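Enquirer: Mind looking over this structure? Questions follow.
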Amino acid sequence: MCQYFETMEKFTDKANAIFDDVIVEYHKHDDVDYTPTNPYKDGSIEFLLFAKNWIDTVQWHLEDIIRDPNIDPVEALKIKRRIDASNQDRTDMVEYIDSYLLEKYKDVKVAPDAKVNTETPAWAIDRLSILALKIYHMRQEATRPDAEQAHKEACSAKLDVLLTQRKDLSQGIEELIDDIESGRKWMKTYKQMKMYNDPALNPVLYASKK
């Protein structure tokens, strides 16, 4: 089983703990414009995981805000564009994490029959980050004082599923990194090449310049 680099701690144990801490820190302020202090060393994997989940957490709450049926349309458009920018930041951060891992394992001797995984470690970590948010908010709903008992019970059942999903996904990530460390699988990354934010690739954007 993959170790958290040179320590005996599992990588996903560390990642899940950082994600949970970030989400708690956000809710101390509950402000999408708040800028946190990243407590980890710049360039470390912990720094990247903290930054990744902060992006996800802010975007989660922007998605809530924009669904307010009484929101001003002008404000909604501003938030929609902010969400688009956040999606690009999220993608960039995933690629930073993959770049970190590529550098870490660049000297691993890859087995002749090594296979490529269907997704990179960082995209699996992306799903783990979102799961942390789902778990936090489902737990809030399962214990909400003003909610009906049926709502609490339904949310508790969903929470159990999410916790199982996090356990399974964490195990999958550990096994994937272990395979990469041992050369049984090799990392192959692709830039996401998002087109809608690129003025040279989005036809609406480049047509507006004519």
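Residues in the structure tokens are numbered from 1 in each chain, the chains being A, B, ... in the order shown, and ligands are numbered from 1 in the order shown.
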Which segment 54-97 of chain A residues have any atom within 10 Å of an atom of segment 126-129 of chain A, and for each, what is the nearest pair of atoms with distance in Å to one decimal, counting only C-alpha atoms, rows sorted by chain and number, as a Markdown table?
Expert:
```
| residue | atom | partner | partner_atom | distance |
| --- | --- | --- | --- | --- |
| A:Trp54 | CA | A:Ser129 | CA | 9.4 |
| A:Ile55 | CA | A:Ser129 | CA | 10.0 |
| A:Asp56 | CA | A:Ser129 | CA | 7.4 |
| A:Thr57 | CA | A:Ser129 | CA | 8.9 |
| A:Arg90 | CA | A:Asp126 | CA | 8.5 |
| A:Thr91 | CA | A:Asp126 | CA | 9.1 |
| A:Met93 | CA | A:Asp126 | CA | 9.2 |
| A:Val94 | CA | A:Asp126 | CA | 6.9 |
| A:Ile97 | CA | A:Asp126 | CA | 9.8 |
```
Enquirer: For Asp21 of chain A, please output as an MDAnalysis selection string all residues within 12 Å (counting only C-alpha atoms; exclusion window: fewer than 4 positions along the same chain).
Expert: chainID A and resid 14:17 25:28 36 38:39 46 49:51 53:54 57 129 132:133 136
Enquirer: Extract the full set of alpha helix (DSSP H) residues from chain A according to DSSP on the backbone, and format it as number ranges by chain.
Expert: A: 11-29, 45-66, 73-104, 121-142, 149-182, 203-207
Enquirer: I need the residue nearest Lys104 of chain A from this list: A:Ala76, A:Leu163, A:Ala200, A:Met187. Use only C-alpha atoms for the distance.
Expert: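 Among the listed residues, the smallest separation from Lys104 of chain A belongs to A:Met187.
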Enquirer: So the first atom is atom CA of Phe47 of chain A and the second is atom CA of Leu101 of chain A; what is the distance between them in Å, to one decimal place?
Expert: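 Computing it gives 13.6 Å between the two atoms.
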Enquirer: Neighbours of Asp160 of chain A within 12 Å (only C-alpha atoms; same-chain residues fewer than 2 positions away dropped), as a compact mmCIF listing (two decimals) with N, CA and C atoms, in the first residue's frame?
Expert:
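That gives us result12.txt:
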```
# COMPACT_ATOMS: atom_id res chain seq x y z
N LYS A 134 -19.14 17.19 -0.17
CA LYS A 134 -20.44 16.52 -0.08
C LYS A 134 -20.66 15.96 1.32
N ILE A 135 -19.62 15.35 1.88
CA ILE A 135 -19.74 14.76 3.22
C ILE A 135 -20.01 15.83 4.26
N TYR A 136 -19.29 16.93 4.21
CA TYR A 136 -19.50 18.01 5.18
C TYR A 136 -20.94 18.52 5.12
N MET A 138 -23.63 17.17 3.68
CA MET A 138 -24.66 16.16 3.97
C MET A 138 -24.76 15.94 5.48
N ARG A 139 -23.62 15.98 6.17
CA ARG A 139 -23.64 15.84 7.63
C ARG A 139 -24.39 17.03 8.26
N ALA A 142 -28.00 16.31 7.84
CA ALA A 142 -28.44 15.19 8.67
C ALA A 142 -28.63 15.59 10.13
N GLU A 153 -33.13 11.59 8.42
CA GLU A 153 -32.87 10.17 8.19
C GLU A 153 -32.42 9.91 6.75
N ALA A 154 -33.06 10.60 5.80
CA ALA A 154 -32.67 10.43 4.40
C ALA A 154 -31.24 10.91 4.18
N CYS A 155 -30.90 12.04 4.80
CA CYS A 155 -29.55 12.58 4.65
C CYS A 155 -28.52 11.72 5.37
N SER A 156 -28.90 11.12 6.47
CA SER A 156 -27.98 10.22 7.18
C SER A 156 -27.65 9.01 6.33
N ALA A 157 -28.66 8.49 5.63
CA ALA A 157 -28.44 7.34 4.74
C ALA A 157 -27.51 7.73 3.59
N LYS A 158 -27.72 8.93 3.04
CA LYS A 158 -26.85 9.41 1.96
C LYS A 158 -25.43 9.64 2.47
N LEU A 162 -21.80 8.25 1.08
CA LEU A 162 -20.68 9.13 0.76
C LEU A 162 -19.41 8.72 1.51
N LEU A 163 -19.57 8.33 2.77
CA LEU A 163 -18.41 7.90 3.56
C LEU A 163 -17.82 6.61 3.00
N THR A 164 -18.70 5.71 2.56
CA THR A 164 -18.21 4.48 1.92
C THR A 164 -17.51 4.80 0.61
N GLN A 165 -18.08 5.74 -0.12
CA GLN A 165 -17.47 6.14 -1.39
C GLN A 165 -16.08 6.74 -1.17
N ARG A 166 -15.94 7.55 -0.10
CA ARG A 166 -14.62 8.13 0.18
C ARG A 166 -13.62 7.05 0.55
N LYS A 167 -14.06 6.07 1.32
CA LYS A 167 -13.18 4.96 1.69
C LYS A 167 -12.71 4.21 0.45
```
Enquirer: Could you work out how far atom CA of Lys52 of chain A lies from atom CA of Tyr105 of chain A, giving the answer in Å with one decimal?
Expert: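 Atom-to-atom, atom CA of Tyr105 of chain A to atom CA of Lys52 of chain A, that is 21.0 Å.
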Enquirer: Considering only C-alpha atoms, return as a PyMOL selection string whatever protein or nucleic-acid residues lie within 9 Å of Val32 of chain A, sequence-local ones (same chain, fewer than 2 positions apart) excluded.
Expert: chain A and resi 26+29-30+34-35+57-59+61-62
Enquirer: Can those selected residues be exported to a file as a tab-separated table (two decimals), in the first residue's frame so that it contains N, CA and C atoms?
Expert:
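Ended up saving to part_31.tsv:
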```tsv
chain	number	residue	atom	x	y	z
A	26	TYR	N	-13.15	27.48	5.97
A	26	TYR	CA	-14.05	28.31	5.16
A	26	TYR	C	-15.30	28.68	5.95
A	29	HIS	N	-15.71	31.62	8.30
A	29	HIS	CA	-15.91	32.94	7.70
A	29	HIS	C	-17.15	32.97	6.81
A	30	ASP	N	-17.41	31.84	6.13
A	30	ASP	CA	-18.58	31.71	5.24
A	30	ASP	C	-18.66	32.88	4.27
A	34	TYR	N	-13.31	35.69	1.04
A	34	TYR	CA	-12.26	35.60	2.05
A	34	TYR	C	-11.03	34.93	1.46
A	35	THR	N	-9.87	35.46	1.78
A	35	THR	CA	-8.61	34.88	1.32
A	35	THR	C	-7.89	34.23	2.49
A	57	THR	N	-14.14	24.61	-2.56
A	57	THR	CA	-15.08	25.04	-1.52
A	57	THR	C	-15.74	26.36	-1.88
A	58	VAL	N	-14.95	27.31	-2.36
A	58	VAL	CA	-15.53	28.59	-2.78
A	58	VAL	C	-16.49	28.38	-3.94
A	59	GLN	N	-16.10	27.54	-4.90
A	59	GLN	CA	-16.99	27.32	-6.04
A	59	GLN	C	-18.28	26.63	-5.61
A	61	HIS	N	-19.92	27.12	-2.95
A	61	HIS	CA	-20.83	28.13	-2.40
A	61	HIS	C	-21.26	29.15	-3.44
A	62	LEU	N	-20.42	29.39	-4.44
A	62	LEU	CA	-20.87	30.22	-5.56
A	62	LEU	C	-22.02	29.53	-6.30
```
Enquirer: Mind running segment 56-153 of chain A against segment 170-179 of chain A at 8 Å and telling me each contacting residue's nearest atom pair with the distance in Å (one decimal), counting only C-alpha atoms, chain and number ascending, as a tab-separated table?
Expert:
```
residue	atom	partner	partner_atom	distance
A:Asn117	CA	A:Leu176	CA	8.0
A:Pro121	CA	A:Ile173	CA	6.6
A:Ala124	CA	A:Ile173	CA	6.7
A:Ile125	CA	A:Ile173	CA	7.5
A:Leu128	CA	A:Ser170	CA	7.4
```
Enquirer: Quick check, in Å to one decimal: how far apart do atom CA of Val116 of chain A and atom CA of Lys188 of chain A lie?
Expert: 6.8 Å
Enquirer: My list of candidates is A:Val161, A:Ile65, A:Ala114, A:Ala147. Which is closest to Leu131 of chain A when distances are computed with only C-alpha atoms?
Expert: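 For Leu131 of chain A, the nearest of the candidates is A:Val161.
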Enquirer: Measuring atom to atom with only C-alpha atoms, identify which of A:Lys191, A:Lys185, A:Arg81, A:Lys152 is nearest to Thr118 of chain A.
Expert: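 Of A:Lys191, A:Lys185, A:Arg81, A:Lys152, the one nearest Thr118 of chain A is A:Lys185, counting only C-alpha atoms.
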